[in-house]
Protein chains: 2
Amino acid sequence: MTANDLPLTKEEILDAAEQVLRRFGPDKTSVVDIAKVLKVSHGTLYRHFASKVSIREAVTERWLRLSITVPLDTLAEQTGGSAAAHLRLWMETLIGLKRTFSVEDAEMFKMYAAVTLSEVEIIEAHVNRLITQMGRLIDSGMLTGEFKEGNSEQLARALFLATSPFHHPAHAKAWISDSHTADFDAVWQLLMSGLLKK
Amino acid sequence: MTANDLPLTKEEILDAAEQVLRRFGPDKTSVVDIAKVLKVSHGTLYRHFASKVSIREAVTERWLRLSITVPLDTLAEQTGGSAAAHLRLWMETLIGLKRTFSVEDAEMFKMYAAVTLSEVEIIEAHVNRLITQMGRLIDSGMLTGEFKEGNSEQLARALFLATSPFHHPAHAKAWISDSHTADFDAVWQLLMSGLLKK
């Protein structure tokens, strides 16, 4: 086993791992494959990550952050105008991003869907970040009196759960159905009529 | 290959198939195993069902009907008193049945979860039956003025979709989480405040 002495950053490892994971898929990717791309021994990788599973988790975590959480964060900062409109734009963007990735970034989406079923912690942290973003928009709607008073974080969590069929990866197969848009609209209207003051 | 001349009913085949599927699981069960229990050739079974997959579908369909749809049907007939209370009892019973089966009838539940991912038609019919039951309860609430006027079938579908995290088998792992009951309560309250007149 030869060791390469150049200092490797975590980001460099994740870049290589993501590249290999996209090419071979999560099942066929080994730590040795990733080490090869980086021209280091797999021993060097184990100094940064405990296992193949933890590399996969870290890649998924970064992918979720860069492709979902960060783009949505800007939409969650919106003030002025209707909070209900901001909230709907935020939710439709989340749904649109998920649907796009399920088709156009299928390999990463598949890995994310698998991680959702197994590694609870990363996904819980991801979901909590999204719920915090929605909570901010709900807070601003409560401040202006557009929304009824209430526990904004609890309401955000309820909205997130109630819209699961439209963004949880386990439901991805239904996203191409004809009734998908009408279904979302009906669910959203019902939820909003519970949230809006009048 | 010997053929047994006694006339076999579909129910008898489904009884035997369910028994074998429970014992060996869907992946390891073959048509020959089911034929053995019935003491007939597998050729005889193929006169009733086109494939192993169609036997599995028929067993799942019957199981869903007998263990979920039929028990809930009585609750959907309730009139008098609060429609919101009837609706909540109906939904909590659905959730309770699913959760119980996921633990105590794990083999059948696993098969149902697998069928949910692949055989869209059976599941769609099952879901539509449940939505019709909810629609009846919503209708009765609209009649008494407890609920706002609206399209009861569309509302029933929205309620069903919005409560997916609590009854869709893809979410079964979350059903044992500590926050499960509080989460359902928050989602339900939000949905009901959209449905109730005041």
# chains A, B, ... in the order shown; residues from 1 in each chain; ligands from 1
$ interface_residues --of "chain B" --to "chain A" --cutoff "8 Å" --atoms "only C-alpha atoms" --output "PyMOL selection string"
chain B and resi 154-155+157-159+161-165+170+183+186-187+190-195
$ residues_around --residues "stretch 45-58 of chain B" --least-positions-apart "5" --cutoff "12 Å" --atoms "only C-alpha atoms" --output "short mmCIF file (atom, residue, chain, number, x, y, z; two decimals) with N, CA and C atoms, in the first residue's frame"
data_model
loop_
_atom_site.label_atom_id
_atom_site.label_comp_id
_atom_site.auth_asym_id
_atom_site.auth_seq_id
_atom_site.Cartn_x
_atom_site.Cartn_y
_atom_site.Cartn_z
N ALA B 3 -53.17 -34.30 -13.03
CA ALA B 3 -54.16 -33.26 -12.79
C ALA B 3 -55.23 -33.78 -11.83
N ASN B 4 -55.59 -32.94 -10.91
CA ASN B 4 -56.65 -33.30 -9.98
C ASN B 4 -57.97 -32.80 -10.58
N PRO B 7 -63.15 -29.66 -8.81
CA PRO B 7 -63.16 -28.25 -9.19
C PRO B 7 -62.59 -27.38 -8.06
N LEU B 8 -61.64 -26.55 -8.41
CA LEU B 8 -61.00 -25.65 -7.44
C LEU B 8 -61.64 -24.28 -7.55
N THR B 9 -61.98 -23.67 -6.42
CA THR B 9 -62.49 -22.30 -6.50
C THR B 9 -61.32 -21.33 -6.36
N LYS B 10 -61.56 -20.10 -6.83
CA LYS B 10 -60.52 -19.06 -6.71
C LYS B 10 -60.16 -18.81 -5.24
N GLU B 11 -61.21 -18.83 -4.39
CA GLU B 11 -60.97 -18.59 -2.96
C GLU B 11 -60.05 -19.64 -2.36
N GLU B 12 -60.26 -20.92 -2.77
CA GLU B 12 -59.40 -21.99 -2.25
C GLU B 12 -57.94 -21.78 -2.67
N ILE B 13 -57.77 -21.36 -3.92
CA ILE B 13 -56.41 -21.10 -4.40
C ILE B 13 -55.79 -19.94 -3.61
N LEU B 14 -56.58 -18.88 -3.40
CA LEU B 14 -56.05 -17.72 -2.67
C LEU B 14 -55.73 -18.09 -1.22
N ASP B 15 -56.58 -18.94 -0.61
CA ASP B 15 -56.28 -19.39 0.77
C ASP B 15 -54.93 -20.09 0.82
N ALA B 16 -54.73 -21.02 -0.11
CA ALA B 16 -53.47 -21.77 -0.14
C ALA B 16 -52.30 -20.85 -0.44
N ALA B 17 -52.49 -19.95 -1.42
CA ALA B 17 -51.42 -19.04 -1.81
C ALA B 17 -51.03 -18.14 -0.64
N GLU B 18 -52.03 -17.62 0.07
CA GLU B 18 -51.73 -16.73 1.19
C GLU B 18 -50.93 -17.47 2.26
N GLN B 19 -51.36 -18.71 2.51
CA GLN B 19 -50.67 -19.54 3.51
C GLN B 19 -49.19 -19.74 3.12
N VAL B 20 -48.95 -20.08 1.85
CA VAL B 20 -47.58 -20.33 1.39
C VAL B 20 -46.77 -19.03 1.37
N LEU B 21 -47.40 -17.94 0.91
CA LEU B 21 -46.71 -16.65 0.86
C LEU B 21 -46.29 -16.18 2.25
N ARG B 22 -47.16 -16.40 3.23
CA ARG B 22 -46.82 -16.03 4.60
C ARG B 22 -45.63 -16.85 5.10
N GLY B 25 -42.53 -16.18 2.16
CA GLY B 25 -42.29 -14.82 1.65
C GLY B 25 -42.49 -14.78 0.15
N PRO B 26 -42.79 -13.59 -0.40
CA PRO B 26 -43.13 -13.47 -1.83
C PRO B 26 -42.01 -13.92 -2.77
N ASP B 27 -40.75 -13.68 -2.39
CA ASP B 27 -39.67 -14.00 -3.32
C ASP B 27 -39.44 -15.50 -3.45
N LYS B 28 -39.60 -16.22 -2.35
CA LYS B 28 -39.28 -17.64 -2.36
C LYS B 28 -40.46 -18.53 -2.71
N THR B 29 -41.67 -17.95 -2.78
CA THR B 29 -42.85 -18.76 -3.10
C THR B 29 -42.93 -19.02 -4.60
N SER B 30 -43.13 -20.29 -4.98
CA SER B 30 -43.33 -20.60 -6.40
C SER B 30 -44.75 -21.13 -6.60
N VAL B 31 -45.19 -21.13 -7.85
CA VAL B 31 -46.52 -21.67 -8.15
C VAL B 31 -46.57 -23.16 -7.78
N VAL B 32 -45.46 -23.85 -7.94
CA VAL B 32 -45.39 -25.28 -7.57
C VAL B 32 -45.66 -25.47 -6.07
N ASP B 33 -45.11 -24.57 -5.23
CA ASP B 33 -45.35 -24.66 -3.78
C ASP B 33 -46.85 -24.57 -3.48
N ILE B 34 -47.51 -23.64 -4.17
CA ILE B 34 -48.94 -23.44 -3.92
C ILE B 34 -49.72 -24.66 -4.43
N ALA B 35 -49.33 -25.16 -5.60
CA ALA B 35 -49.99 -26.34 -6.16
C ALA B 35 -49.86 -27.54 -5.22
N LYS B 36 -48.69 -27.68 -4.61
CA LYS B 36 -48.44 -28.79 -3.67
C LYS B 36 -49.43 -28.78 -2.52
N VAL B 37 -49.61 -27.61 -1.92
CA VAL B 37 -50.53 -27.47 -0.79
C VAL B 37 -51.95 -27.87 -1.22
N LEU B 38 -52.30 -27.54 -2.45
CA LEU B 38 -53.65 -27.85 -2.95
C LEU B 38 -53.75 -29.25 -3.54
N LYS B 39 -52.60 -29.93 -3.60
CA LYS B 39 -52.53 -31.28 -4.19
C LYS B 39 -53.05 -31.30 -5.63
N VAL B 40 -52.66 -30.29 -6.40
CA VAL B 40 -53.00 -30.25 -7.84
C VAL B 40 -51.70 -29.97 -8.61
N TRP B 63 -56.46 -9.37 0.68
CA TRP B 63 -56.00 -9.00 2.02
C TRP B 63 -56.35 -7.55 2.34
N LEU B 64 -56.11 -6.65 1.37
CA LEU B 64 -56.43 -5.23 1.57
C LEU B 64 -57.93 -5.04 1.80
N ARG B 65 -58.71 -5.78 1.01
CA ARG B 65 -60.17 -5.64 1.13
C ARG B 65 -60.65 -6.13 2.49
N MET B 108 -47.24 -10.25 5.12
CA MET B 108 -48.26 -9.73 4.19
C MET B 108 -48.04 -8.23 3.95
N LYS B 110 -45.24 -6.61 3.99
CA LYS B 110 -44.08 -6.47 3.10
C LYS B 110 -44.50 -6.68 1.65
N MET B 111 -45.37 -7.67 1.46
CA MET B 111 -45.84 -7.97 0.11
C MET B 111 -46.68 -6.80 -0.42
N TYR B 112 -47.55 -6.30 0.46
CA TYR B 112 -48.39 -5.15 0.10
C TYR B 112 -47.52 -3.93 -0.24
N ALA B 113 -46.46 -3.69 0.55
CA ALA B 113 -45.57 -2.56 0.29
C ALA B 113 -44.88 -2.73 -1.06
N ALA B 114 -44.48 -3.96 -1.39
CA ALA B 114 -43.83 -4.22 -2.68
C ALA B 114 -44.82 -4.02 -3.83
N VAL B 115 -46.04 -4.50 -3.64
CA VAL B 115 -47.07 -4.35 -4.68
C VAL B 115 -47.37 -2.86 -4.89
N THR B 116 -47.37 -2.09 -3.80
CA THR B 116 -47.63 -0.66 -3.89
C THR B 116 -46.64 0.01 -4.83
N SER B 118 -45.11 -1.50 -7.38
CA SER B 118 -45.11 -1.99 -8.76
C SER B 118 -46.48 -2.08 -9.45
N GLU B 119 -47.44 -2.74 -8.81
CA GLU B 119 -48.73 -2.97 -9.49
C GLU B 119 -49.67 -1.81 -9.21
N VAL B 120 -49.64 -0.82 -10.03
CA VAL B 120 -50.34 0.41 -9.75
C VAL B 120 -51.87 0.22 -9.68
N GLU B 121 -52.41 -0.63 -10.55
CA GLU B 121 -53.88 -0.74 -10.67
C GLU B 121 -54.61 -1.19 -9.41
N ILE B 122 -54.13 -2.27 -8.81
CA ILE B 122 -54.77 -2.77 -7.59
C ILE B 122 -54.78 -1.71 -6.51
N ILE B 123 -53.62 -1.06 -6.36
CA ILE B 123 -53.48 -0.08 -5.29
C ILE B 123 -54.36 1.13 -5.58
#
$ residues_around --residues "A:Thr79" --least-positions-apart "5" --cutoff "12 Å" --atoms "only C-alpha atoms" --output "list in words"
Thr74, Ala84, Ala85, His86, Leu87, Arg136, Leu137, Ile138, Asp139, Ser140, Gly141, Leu143 and Thr144 of chain A
$ select_by_dssp --residues "chain B" --states "alpha helix (DSSP H)" --output "PDB file with C-alpha atoms, in the first residue's frame"
ATOM      1  CA  LYS B  10     -60.523 -19.063  -6.712  1.00  0.00           C
ATOM      2  CA  GLU B  11     -60.972 -18.589  -2.965  1.00  0.00           C
ATOM      3  CA  GLU B  12     -59.399 -21.988  -2.254  1.00  0.00           C
ATOM      4  CA  ILE B  13     -56.407 -21.099  -4.396  1.00  0.00           C
ATOM      5  CA  LEU B  14     -56.055 -17.725  -2.672  1.00  0.00           C
ATOM      6  CA  ASP B  15     -56.283 -19.386   0.767  1.00  0.00           C
ATOM      7  CA  ALA B  16     -53.474 -21.775  -0.138  1.00  0.00           C
ATOM      8  CA  ALA B  17     -51.421 -19.041  -1.814  1.00  0.00           C
ATOM      9  CA  GLU B  18     -51.729 -16.727   1.189  1.00  0.00           C
ATOM     10  CA  GLN B  19     -50.670 -19.543   3.506  1.00  0.00           C
ATOM     11  CA  VAL B  20     -47.583 -20.331   1.385  1.00  0.00           C
ATOM     12  CA  LEU B  21     -46.709 -16.648   0.861  1.00  0.00           C
ATOM     13  CA  ARG B  22     -46.818 -16.032   4.604  1.00  0.00           C
ATOM     14  CA  ARG B  23     -44.569 -19.034   5.218  1.00  0.00           C
ATOM     15  CA  PHE B  24     -41.913 -18.511   2.523  1.00  0.00           C
ATOM     16  CA  GLY B  25     -42.285 -14.817   1.652  1.00  0.00           C
ATOM     17  CA  PRO B  26     -43.130 -13.474  -1.826  1.00  0.00           C
ATOM     18  CA  ASP B  27     -39.668 -13.995  -3.324  1.00  0.00           C
ATOM     19  CA  LYS B  28     -39.277 -17.640  -2.364  1.00  0.00           C
ATOM     20  CA  VAL B  31     -46.519 -21.668  -8.152  1.00  0.00           C
ATOM     21  CA  VAL B  32     -45.390 -25.276  -7.570  1.00  0.00           C
ATOM     22  CA  ASP B  33     -45.354 -24.661  -3.783  1.00  0.00           C
ATOM     23  CA  ILE B  34     -48.945 -23.441  -3.924  1.00  0.00           C
ATOM     24  CA  ALA B  35     -49.994 -26.341  -6.163  1.00  0.00           C
ATOM     25  CA  LYS B  36     -48.439 -28.793  -3.669  1.00  0.00           C
ATOM     26  CA  VAL B  37     -50.534 -27.471  -0.785  1.00  0.00           C
ATOM     27  CA  LEU B  38     -53.650 -27.846  -2.955  1.00  0.00           C
ATOM     28  CA  HIS B  42     -49.320 -26.247 -11.347  1.00  0.00           C
ATOM     29  CA  GLY B  43     -51.016 -26.514 -14.759  1.00  0.00           C
ATOM     30  CA  THR B  44     -54.345 -26.472 -12.888  1.00  0.00           C
ATOM     31  CA  LEU B  45     -53.380 -23.195 -11.181  1.00  0.00           C
ATOM     32  CA  TYR B  46     -52.442 -21.612 -14.494  1.00  0.00           C
ATOM     33  CA  ARG B  47     -56.041 -22.196 -15.625  1.00  0.00           C
ATOM     34  CA  HIS B  48     -57.091 -19.693 -12.919  1.00  0.00           C
ATOM     35  CA  LYS B  52     -47.155 -16.053 -10.044  1.00  0.00           C
ATOM     36  CA  VAL B  53     -47.362 -12.258 -10.123  1.00  0.00           C
ATOM     37  CA  SER B  54     -51.118 -12.336 -10.741  1.00  0.00           C
ATOM     38  CA  ILE B  55     -51.613 -14.763  -7.829  1.00  0.00           C
ATOM     39  CA  ARG B  56     -49.625 -12.416  -5.606  1.00  0.00           C
ATOM     40  CA  GLU B  57     -51.697  -9.463  -6.781  1.00  0.00           C
ATOM     41  CA  ALA B  58     -54.952 -11.299  -6.105  1.00  0.00           C
ATOM     42  CA  VAL B  59     -53.822 -12.297  -2.601  1.00  0.00           C
ATOM     43  CA  THR B  60     -52.803  -8.706  -1.829  1.00  0.00           C
ATOM     44  CA  GLU B  61     -56.061  -7.347  -3.222  1.00  0.00           C
ATOM     45  CA  ARG B  62     -58.120  -9.719  -1.047  1.00  0.00           C
ATOM     46  CA  TRP B  63     -56.000  -9.005   2.021  1.00  0.00           C
ATOM     47  CA  LEU B  64     -56.433  -5.231   1.566  1.00  0.00           C
ATOM     48  CA  VAL B  70     -64.294  -3.804   4.914  1.00  0.00           C
ATOM     49  CA  PRO B  71     -63.607  -2.857   8.571  1.00  0.00           C
ATOM     50  CA  LEU B  72     -63.446   0.837   7.598  1.00  0.00           C
ATOM     51  CA  ASP B  73     -66.655   0.670   5.603  1.00  0.00           C
ATOM     52  CA  THR B  74     -68.763   0.470   8.760  1.00  0.00           C
ATOM     53  CA  LEU B  75     -67.070   3.573  10.133  1.00  0.00           C
ATOM     54  CA  ALA B  76     -67.787   5.407   6.868  1.00  0.00           C
ATOM     55  CA  ALA B  83     -68.734  14.365  10.867  1.00  0.00           C
ATOM     56  CA  ALA B  84     -65.298  15.673  11.884  1.00  0.00           C
ATOM     57  CA  ALA B  85     -65.237  13.157  14.748  1.00  0.00           C
ATOM     58  CA  HIS B  86     -66.346  10.320  12.428  1.00  0.00           C
ATOM     59  CA  LEU B  87     -63.705  11.317   9.906  1.00  0.00           C
ATOM     60  CA  ARG B  88     -60.978  11.371  12.537  1.00  0.00           C
ATOM     61  CA  LEU B  89     -62.039   7.977  13.895  1.00  0.00           C
ATOM     62  CA  TRP B  90     -62.001   6.590  10.348  1.00  0.00           C
ATOM     63  CA  MET B  91     -58.500   7.973   9.698  1.00  0.00           C
ATOM     64  CA  GLU B  92     -57.101   6.888  13.064  1.00  0.00           C
ATOM     65  CA  THR B  93     -58.483   3.390  12.439  1.00  0.00           C
ATOM     66  CA  LEU B  94     -56.827   3.269   9.009  1.00  0.00           C
ATOM     67  CA  ILE B  95     -53.530   4.400  10.538  1.00  0.00           C
ATOM     68  CA  GLY B  96     -53.878   1.961  13.445  1.00  0.00           C
ATOM     69  CA  LEU B  97     -54.649  -0.993  11.140  1.00  0.00           C
ATOM     70  CA  LYS B  98     -51.674  -0.233   8.919  1.00  0.00           C
ATOM     71  CA  ARG B  99     -49.335   0.164  11.871  1.00  0.00           C
ATOM     72  CA  THR B 100     -50.559  -3.027  13.523  1.00  0.00           C
ATOM     73  CA  PHE B 101     -50.210  -5.067  10.331  1.00  0.00           C
ATOM     74  CA  SER B 102     -46.735  -3.664   9.667  1.00  0.00           C
ATOM     75  CA  VAL B 103     -45.647  -5.325  12.923  1.00  0.00           C
ATOM     76  CA  GLU B 104     -47.999  -8.262  13.494  1.00  0.00           C
ATOM     77  CA  ALA B 106     -45.137  -8.346   8.641  1.00  0.00           C
ATOM     78  CA  GLU B 107     -44.949 -10.851   5.763  1.00  0.00           C
ATOM     79  CA  MET B 108     -48.260  -9.729   4.192  1.00  0.00           C
ATOM     80  CA  PHE B 109     -47.431  -6.084   4.862  1.00  0.00           C
ATOM     81  CA  LYS B 110     -44.078  -6.466   3.102  1.00  0.00           C
ATOM     82  CA  MET B 111     -45.838  -7.969   0.112  1.00  0.00           C
ATOM     83  CA  TYR B 112     -48.390  -5.150   0.097  1.00  0.00           C
ATOM     84  CA  ALA B 113     -45.566  -2.562   0.293  1.00  0.00           C
ATOM     85  CA  ALA B 114     -43.830  -4.224  -2.679  1.00  0.00           C
ATOM     86  CA  VAL B 115     -47.069  -4.353  -4.682  1.00  0.00           C
ATOM     87  CA  THR B 116     -47.633  -0.656  -3.891  1.00  0.00           C
ATOM     88  CA  LEU B 117     -44.369   0.106  -5.687  1.00  0.00           C
ATOM     89  CA  SER B 118     -45.108  -1.989  -8.765  1.00  0.00           C
ATOM     90  CA  VAL B 120     -50.344   0.414  -9.752  1.00  0.00           C
ATOM     91  CA  GLU B 121     -53.876  -0.736 -10.674  1.00  0.00           C
ATOM     92  CA  ILE B 122     -54.771  -2.771  -7.591  1.00  0.00           C
ATOM     93  CA  ILE B 123     -53.482  -0.078  -5.285  1.00  0.00           C
ATOM     94  CA  GLU B 124     -55.258   2.654  -7.205  1.00  0.00           C
ATOM     95  CA  ALA B 125     -58.553   0.756  -6.877  1.00  0.00           C
ATOM     96  CA  HIS B 126     -57.916   0.227  -3.161  1.00  0.00           C
ATOM     97  CA  VAL B 127     -57.099   3.902  -2.607  1.00  0.00           C
ATOM     98  CA  ASN B 128     -60.176   4.957  -4.587  1.00  0.00           C
ATOM     99  CA  ARG B 129     -62.384   2.784  -2.376  1.00  0.00           C
ATOM    100  CA  LEU B 130     -60.960   4.466   0.723  1.00  0.00           C
ATOM    101  CA  ILE B 131     -61.392   7.925  -0.797  1.00  0.00           C
ATOM    102  CA  THR B 132     -65.035   7.131  -1.582  1.00  0.00           C
ATOM    103  CA  GLN B 133     -65.576   6.180   2.071  1.00  0.00           C
ATOM    104  CA  MET B 134     -64.071   9.481   3.252  1.00  0.00           C
ATOM    105  CA  GLY B 135     -66.118  11.333   0.654  1.00  0.00           C
ATOM    106  CA  ARG B 136     -69.316   9.965   2.222  1.00  0.00           C
ATOM    107  CA  LEU B 137     -68.313  11.302   5.650  1.00  0.00           C
ATOM    108  CA  ILE B 138     -67.382  14.680   4.164  1.00  0.00           C
ATOM    109  CA  ASP B 139     -70.731  14.801   2.329  1.00  0.00           C
ATOM    110  CA  SER B 140     -72.603  14.244   5.561  1.00  0.00           C
ATOM    111  CA  GLY B 141     -70.595  17.039   7.228  1.00  0.00           C
ATOM    112  CA  MET B 142     -71.439  19.389   4.353  1.00  0.00           C
ATOM    113  CA  LEU B 143     -75.117  18.495   4.589  1.00  0.00           C
ATOM    114  CA  SER B 152     -66.243  16.266  -1.376  1.00  0.00           C
ATOM    115  CA  GLU B 153     -64.438  13.721  -3.535  1.00  0.00           C
ATOM    116  CA  GLN B 154     -61.623  16.126  -4.331  1.00  0.00           C
ATOM    117  CA  LEU B 155     -61.358  17.052  -0.660  1.00  0.00           C
ATOM    118  CA  ALA B 156     -61.322  13.380   0.346  1.00  0.00           C
ATOM    119  CA  ARG B 157     -58.484  12.755  -2.113  1.00  0.00           C
ATOM    120  CA  ALA B 158     -56.565  15.754  -0.744  1.00  0.00           C
ATOM    121  CA  LEU B 159     -57.047  14.514   2.846  1.00  0.00           C
ATOM    122  CA  PHE B 160     -55.882  11.052   1.860  1.00  0.00           C
ATOM    123  CA  LEU B 161     -52.755  12.359   0.106  1.00  0.00           C
ATOM    124  CA  ALA B 162     -51.928  14.821   2.880  1.00  0.00           C
ATOM    125  CA  SER B 164     -49.731   9.731   3.418  1.00  0.00           C
ATOM    126  CA  PRO B 165     -46.842   9.835   5.934  1.00  0.00           C
ATOM    127  CA  PHE B 166     -49.157   8.076   8.410  1.00  0.00           C
ATOM    128  CA  HIS B 167     -50.615   5.315   6.221  1.00  0.00           C
ATOM    129  CA  HIS B 180     -45.578  10.217  15.191  1.00  0.00           C
ATOM    130  CA  THR B 181     -48.761  10.882  17.189  1.00  0.00           C
ATOM    131  CA  ALA B 182     -48.020  14.596  17.671  1.00  0.00           C
ATOM    132  CA  ASP B 183     -47.194  14.909  13.955  1.00  0.00           C
ATOM    133  CA  PHE B 184     -50.481  13.338  12.937  1.00  0.00           C
ATOM    134  CA  ASP B 185     -52.340  15.561  15.323  1.00  0.00           C
ATOM    135  CA  ALA B 186     -50.733  18.735  13.893  1.00  0.00           C
ATOM    136  CA  VAL B 187     -51.411  17.695  10.282  1.00  0.00           C
ATOM    137  CA  TRP B 188     -54.986  16.712  11.076  1.00  0.00           C
ATOM    138  CA  GLN B 189     -55.725  19.968  12.938  1.00  0.00           C
ATOM    139  CA  LEU B 190     -54.418  21.996  10.005  1.00  0.00           C
ATOM    140  CA  LEU B 191     -56.487  19.983   7.508  1.00  0.00           C
ATOM    141  CA  MET B 192     -59.630  20.200   9.635  1.00  0.00           C
ATOM    142  CA  SER B 193     -59.261  23.951  10.084  1.00  0.00           C
ATOM    143  CA  GLY B 194     -59.415  24.092   6.277  1.00  0.00           C
ATOM    144  CA  LEU B 195     -62.514  21.893   6.199  1.00  0.00           C
TER     145      LEU B 195
END
$ atom_distance --atom1 "atom CA of A:Asp105" --atom2 "atom CA of A:Ser41"
29.1 Å
$ atom_distance --atom1 "atom CA of A:Asn151" --atom2 "atom CA of A:Gly81"
21.5 Å
